[in-house]
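> Just dropping this structure here.
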Amino acid sequence: MSKPKVLVTRRWPQAVEEKMAQIFDLSLNTSDTPLTEAEFTSALGQYDAILPTVTDRLPAAVFESTAPRTRILANYGVGFAHIDTAAAKDRGIAVTNTPDVLSECTADIAMTLMLMVARRAGEGERELRDGRWTGWRPTHMIGTKVSGATLGIIGFGRIGQAMAQRAHFGFGMKIIVQNRSAVPAEVLARYNAVQVPTIEDLLPQCNFVSLHCPGGVANRHLINSRRLDLMRPGAFLINTARGEVVDEHALAQALWFGTIGGAGLDVFEREPKIPRELLDSDNLVLLPHLGSATRETREAMGFRVLENLSDFFEGRQPRDRVA
């Protein structure tokens, strides 16, 4: 029996690529640049499986002009809003993702952003590197205390709970949660957290707000100018979820006019393009989508994809099937 033909759309950790090459007829995108929609349409007719990442866009149009050979899109990442899952399903194509394995490292980055923006670490490093530091003085680079502050978490799944673990037990923070469904009482009790019904209830109560909700059309610009106005004047917004969740123009305005104290972003709406108005904001920490960027996590994500593919081609239901 011939091996399934599999396309990996970006370069993955070497250990994962080598293992996959042993099992499948593997094709690698050696240029390591995002494929175009036309290239995806063509690939759907050539491969049994395609392994996209968050940098790829597979709208409905990709699936319309071909009789697909592809039977599964095994996504490398937990978020899959970049794939039109309804269109894939209509074509008989399964979709899987990689939950669980990136929760801890993504929460680490969210904490990194929160600490950096609160203590003005980015500003301080730039001052040092530019040779502008004149020495210690009592009023220099005064930041905001994190320990004991109130953290609002929007989206209380695996990553949101990992963030609560770090914030509550590591920094003694009070946790307020907004989630689209009721969080079990025993889960809230684990972090001494309180759930509120709406984002509008959460925002005015918090010193920090961390986003851990899904992306996609339903949550596009979930944080907009109206909701930014509900935040405390010195509060900070942290986003490690998806770029489209935040209206970047509204955020830039809030930072410019001091509506909020600052923000930390690891994701952006039009990656890798960042609006100049954000790049020019001193009270904003920017990271290049590093949430899952540890060797251990990136390898675990790849091997999770491999497990889903093996299950699928051996006739079992992949455990991470989302469509």
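Every chain in the structure tokens has a letter given in the order shown (A, B, ...), and although residue numbers restart at 1 in each chain, ligands are simply numbered from 1 in the order shown.
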As a count of residues only, please: the residues near Asp229 (chain A) (cut-off 9 Å, only C-alpha atoms, same-chain neighbours under 6 positions excluded).
3
> If we count only C-alpha atoms and set the cut-off at 9 Å, which residues sit around Phe40 (chain A), ignoring sequence neighbours fewer than 2 positions away in its own chain? Please answer as a VMD selection string.
chain A and resid 35 to 38 42 to 45 50 57 to 58 62 to 63
> Write the residues of the preceding selection, restricted to N, CA, C and O atoms, as a PDB file, in the first residue's frame.

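File selection-v1.pdb, as written:
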```
ATOM      1  N   LEU A  35       1.707  29.921   1.717  1.00  0.00           N
ATOM      2  CA  LEU A  35       1.187  29.591   0.394  1.00  0.00           C
ATOM      3  C   LEU A  35       0.053  30.548   0.034  1.00  0.00           C
ATOM      4  O   LEU A  35      -0.664  31.034   0.901  1.00  0.00           O
ATOM      5  N   THR A  36      -0.109  30.798  -1.242  1.00  0.00           N
ATOM      6  CA  THR A  36      -1.216  31.621  -1.711  1.00  0.00           C
ATOM      7  C   THR A  36      -2.485  30.774  -1.773  1.00  0.00           C
ATOM      8  O   THR A  36      -2.441  29.539  -1.708  1.00  0.00           O
ATOM      9  N   GLU A  37      -3.620  31.438  -1.935  1.00  0.00           N
ATOM     10  CA  GLU A  37      -4.878  30.706  -2.061  1.00  0.00           C
ATOM     11  C   GLU A  37      -4.860  29.814  -3.299  1.00  0.00           C
ATOM     12  O   GLU A  37      -5.366  28.684  -3.270  1.00  0.00           O
ATOM     13  N   ALA A  38      -4.268  30.311  -4.376  1.00  0.00           N
ATOM     14  CA  ALA A  38      -4.184  29.499  -5.599  1.00  0.00           C
ATOM     15  C   ALA A  38      -3.341  28.254  -5.366  1.00  0.00           C
ATOM     16  O   ALA A  38      -3.673  27.161  -5.864  1.00  0.00           O
ATOM     17  N   SER A  42      -4.570  24.297  -5.634  1.00  0.00           N
ATOM     18  CA  SER A  42      -3.846  23.284  -6.386  1.00  0.00           C
ATOM     19  C   SER A  42      -3.461  22.108  -5.489  1.00  0.00           C
ATOM     20  O   SER A  42      -3.598  20.944  -5.876  1.00  0.00           O
ATOM     21  N   ALA A  43      -2.995  22.412  -4.280  1.00  0.00           N
ATOM     22  CA  ALA A  43      -2.549  21.358  -3.366  1.00  0.00           C
ATOM     23  C   ALA A  43      -3.690  20.434  -2.965  1.00  0.00           C
ATOM     24  O   ALA A  43      -3.482  19.228  -2.764  1.00  0.00           O
ATOM     25  N   LEU A  44      -4.897  20.967  -2.856  1.00  0.00           N
ATOM     26  CA  LEU A  44      -6.060  20.148  -2.481  1.00  0.00           C
ATOM     27  C   LEU A  44      -6.306  19.026  -3.491  1.00  0.00           C
ATOM     28  O   LEU A  44      -6.900  18.000  -3.152  1.00  0.00           O
ATOM     29  N   GLY A  45      -5.859  19.232  -4.728  1.00  0.00           N
ATOM     30  CA  GLY A  45      -6.022  18.204  -5.741  1.00  0.00           C
ATOM     31  C   GLY A  45      -4.861  17.235  -5.846  1.00  0.00           C
ATOM     32  O   GLY A  45      -4.921  16.264  -6.603  1.00  0.00           O
ATOM     33  N   ILE A  50      -3.123  17.946   4.104  1.00  0.00           N
ATOM     34  CA  ILE A  50      -2.401  19.213   4.129  1.00  0.00           C
ATOM     35  C   ILE A  50      -2.322  19.657   5.579  1.00  0.00           C
ATOM     36  O   ILE A  50      -3.298  19.574   6.324  1.00  0.00           O
ATOM     37  N   ARG A  57      -4.162  30.923   5.088  1.00  0.00           N
ATOM     38  CA  ARG A  57      -5.559  31.331   4.977  1.00  0.00           C
ATOM     39  C   ARG A  57      -6.257  30.398   4.004  1.00  0.00           C
ATOM     40  O   ARG A  57      -5.864  30.294   2.853  1.00  0.00           O
ATOM     41  N   LEU A  58      -7.283  29.728   4.490  1.00  0.00           N
ATOM     42  CA  LEU A  58      -8.050  28.814   3.653  1.00  0.00           C
ATOM     43  C   LEU A  58      -9.520  29.197   3.703  1.00  0.00           C
ATOM     44  O   LEU A  58     -10.342  28.560   4.370  1.00  0.00           O
ATOM     45  N   VAL A  62     -11.026  28.735  -1.619  1.00  0.00           N
ATOM     46  CA  VAL A  62      -9.974  27.743  -1.839  1.00  0.00           C
ATOM     47  C   VAL A  62     -10.571  26.384  -2.194  1.00  0.00           C
ATOM     48  O   VAL A  62      -9.992  25.610  -2.971  1.00  0.00           O
ATOM     49  N   PHE A  63     -11.742  26.090  -1.639  1.00  0.00           N
ATOM     50  CA  PHE A  63     -12.342  24.766  -1.799  1.00  0.00           C
ATOM     51  C   PHE A  63     -13.303  24.671  -2.990  1.00  0.00           C
ATOM     52  O   PHE A  63     -13.798  23.592  -3.288  1.00  0.00           O
TER      53      PHE A  63
END
```
> Using only C-alpha atoms, which of the listed residues (A:Met231, A:Leu290, A:Met141, A:Leu28) sits closest to Thr106 (chain A)?
A:Leu290
> Could you build a table of the residues in region 219-295 of chain A lying no more than 12 Å from region 10-21 of chain A, giving for each the nearest pair of atoms and their separation in Å rounded to one decimal place, using only C-alpha atoms, ordered by chain and ascending residue number, as a Markdown table?

```
| residue | atom | partner | partner_atom | distance |
| --- | --- | --- | --- | --- |
| A:Ala293 | CA | A:Pro13 | CA | 10.9 |
| A:Thr294 | CA | A:Pro13 | CA | 10.4 |
| A:Arg295 | CA | A:Pro13 | CA | 7.7 |
```
> Just the residues within 12 Å of region 109-112 of chain A, please, counting only C-alpha atoms, with nothing from its chain fewer than 2 positions along; format it as an NGL selection string.
:A and (102-107 or 114-122 or 146-147 or 151 or 153 or 159-168 or 170-171 or 208-212 or 236-241 or 263-267 or 285-294)
> With only C-alpha atoms as the counted atoms, please give the residues lying no more than 10 Å from Thr70 (chain A), apart from itself and same-chain residues fewer than 2 positions off, as a PDB file with N, CA and C atoms, in the first residue's frame.

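Final output, saved to around_38.pdb:
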```pdb
ATOM      1  N   PRO A   4       0.312   7.746   2.252  1.00  0.00           N
ATOM      2  CA  PRO A   4      -0.443   8.976   1.969  1.00  0.00           C
ATOM      3  C   PRO A   4       0.496  10.123   1.651  1.00  0.00           C
ATOM      4  N   LYS A   5       0.107  10.926   0.658  1.00  0.00           N
ATOM      5  CA  LYS A   5       0.885  12.110   0.303  1.00  0.00           C
ATOM      6  C   LYS A   5       0.490  13.257   1.229  1.00  0.00           C
ATOM      7  N   VAL A   6       1.480  13.835   1.878  1.00  0.00           N
ATOM      8  CA  VAL A   6       1.223  14.854   2.898  1.00  0.00           C
ATOM      9  C   VAL A   6       2.053  16.097   2.593  1.00  0.00           C
ATOM     10  N   LEU A   7       1.404  17.272   2.669  1.00  0.00           N
ATOM     11  CA  LEU A   7       2.081  18.543   2.454  1.00  0.00           C
ATOM     12  C   LEU A   7       2.177  19.302   3.774  1.00  0.00           C
ATOM     13  N   ALA A  43      -2.995  22.412  -4.280  1.00  0.00           N
ATOM     14  CA  ALA A  43      -2.549  21.358  -3.366  1.00  0.00           C
ATOM     15  C   ALA A  43      -3.690  20.434  -2.965  1.00  0.00           C
ATOM     16  N   LEU A  44      -4.897  20.967  -2.856  1.00  0.00           N
ATOM     17  CA  LEU A  44      -6.060  20.148  -2.481  1.00  0.00           C
ATOM     18  C   LEU A  44      -6.306  19.026  -3.491  1.00  0.00           C
ATOM     19  N   GLY A  45      -5.859  19.232  -4.728  1.00  0.00           N
ATOM     20  CA  GLY A  45      -6.022  18.204  -5.741  1.00  0.00           C
ATOM     21  C   GLY A  45      -4.861  17.235  -5.846  1.00  0.00           C
ATOM     22  N   GLN A  46      -3.780  17.483  -5.057  1.00  0.00           N
ATOM     23  CA  GLN A  46      -2.563  16.682  -5.187  1.00  0.00           C
ATOM     24  C   GLN A  46      -2.212  15.846  -3.961  1.00  0.00           C
ATOM     25  N   TYR A  47      -2.704  16.263  -2.784  1.00  0.00           N
ATOM     26  CA  TYR A  47      -2.261  15.635  -1.538  1.00  0.00           C
ATOM     27  C   TYR A  47      -3.425  15.012  -0.778  1.00  0.00           C
ATOM     28  N   ASP A  48      -3.119  13.942  -0.063  1.00  0.00           N
ATOM     29  CA  ASP A  48      -4.130  13.304   0.783  1.00  0.00           C
ATOM     30  C   ASP A  48      -4.355  14.084   2.074  1.00  0.00           C
ATOM     31  N   ALA A  49      -3.333  14.774   2.517  1.00  0.00           N
ATOM     32  CA  ALA A  49      -3.430  15.577   3.735  1.00  0.00           C
ATOM     33  C   ALA A  49      -2.603  16.839   3.570  1.00  0.00           C
ATOM     34  N   ILE A  50      -3.123  17.946   4.104  1.00  0.00           N
ATOM     35  CA  ILE A  50      -2.401  19.213   4.129  1.00  0.00           C
ATOM     36  C   ILE A  50      -2.322  19.657   5.579  1.00  0.00           C
ATOM     37  N   ALA A  67     -11.733  19.359  -7.427  1.00  0.00           N
ATOM     38  CA  ALA A  67     -12.241  18.114  -6.862  1.00  0.00           C
ATOM     39  C   ALA A  67     -11.164  17.613  -5.924  1.00  0.00           C
ATOM     40  N   PRO A  68     -11.306  17.796  -4.620  1.00  0.00           N
ATOM     41  CA  PRO A  68     -10.174  17.574  -3.716  1.00  0.00           C
ATOM     42  C   PRO A  68      -9.767  16.118  -3.574  1.00  0.00           C
ATOM     43  N   ILE A  72      -7.977  15.369   4.783  1.00  0.00           N
ATOM     44  CA  ILE A  72      -7.823  15.931   6.120  1.00  0.00           C
ATOM     45  C   ILE A  72      -6.897  17.139   6.098  1.00  0.00           C
ATOM     46  N   LEU A  73      -7.294  18.182   6.823  1.00  0.00           N
ATOM     47  CA  LEU A  73      -6.447  19.334   7.110  1.00  0.00           C
ATOM     48  C   LEU A  73      -6.062  19.209   8.577  1.00  0.00           C
ATOM     49  N   ALA A  88     -14.748  23.207   4.208  1.00  0.00           N
ATOM     50  CA  ALA A  88     -13.991  21.953   4.222  1.00  0.00           C
ATOM     51  C   ALA A  88     -14.920  20.766   4.454  1.00  0.00           C
ATOM     52  N   ARG A  91     -16.872  19.602   1.556  1.00  0.00           N
ATOM     53  CA  ARG A  91     -16.068  18.854   0.597  1.00  0.00           C
ATOM     54  C   ARG A  91     -15.604  17.509   1.155  1.00  0.00           C
ATOM     55  N   GLY A  92     -16.100  17.185   2.346  1.00  0.00           N
ATOM     56  CA  GLY A  92     -15.739  15.901   2.949  1.00  0.00           C
ATOM     57  C   GLY A  92     -14.345  15.866   3.529  1.00  0.00           C
ATOM     58  N   ILE A  93     -13.829  17.040   3.911  1.00  0.00           N
ATOM     59  CA  ILE A  93     -12.474  17.137   4.438  1.00  0.00           C
ATOM     60  C   ILE A  93     -12.538  17.329   5.950  1.00  0.00           C
ATOM     61  N   ALA A  94     -11.887  16.470   6.690  1.00  0.00           N
ATOM     62  CA  ALA A  94     -11.824  16.594   8.146  1.00  0.00           C
ATOM     63  C   ALA A  94     -10.811  17.674   8.533  1.00  0.00           C
TER      64      ALA A  94
END
```
> Could you check which of A:Val54, A:Ala252, A:Leu306, A:Ile23 is closest to Arg270 (chain A), using only C-alpha atoms?
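Residue with the minimum atom-to-atom distance to Arg270 (chain A): A:Val54.
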> Considering only C-alpha atoms, can you say which of A:Gly155, A:Pro275, A:Gly243, A:Gly135 comes closest to Gly216 (chain A)?
A:Gly243
> DSSP on the backbone, then: every residue of region 30-134 of chain A marked alpha helix (DSSP H), written as a ChimeraX atom specification.
/A:37-44,85-90,103-118,121-129
> Just list the residues in region 109-169 of chain A DSSP gives strand (DSSP E) on the backbone, as a PyMOL selection string.
chain A and resi 150-154
> Between CA of Pro52 (chain A) and CA of Val246 (chain A), what distance in Å does the model show, to one decimal?
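Going from CA of Pro52 (chain A) over to CA of Val246 (chain A), I get 23.6 Å.
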> Write out as a count of residues only each polymer residue whose atoms come within 12 Å of Val95 (chain A), counting only C-alpha atoms; drop sequence neighbours fewer than 4 positions from it.
38
> Quick one: pull the distance between CA of Ala218 (chain A) and CA of Val187 (chain A), Å, one decimal.
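CA of Ala218 (chain A) sits 25.6 Å away from CA of Val187 (chain A).
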> Enter the distance from CA of Ser281 (chain A) to CA of Trp136 (chain A), in Å, rounded to one decimal.
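According to the coordinates, CA of Ser281 (chain A) and CA of Trp136 (chain A) are separated by 24.0 Å.
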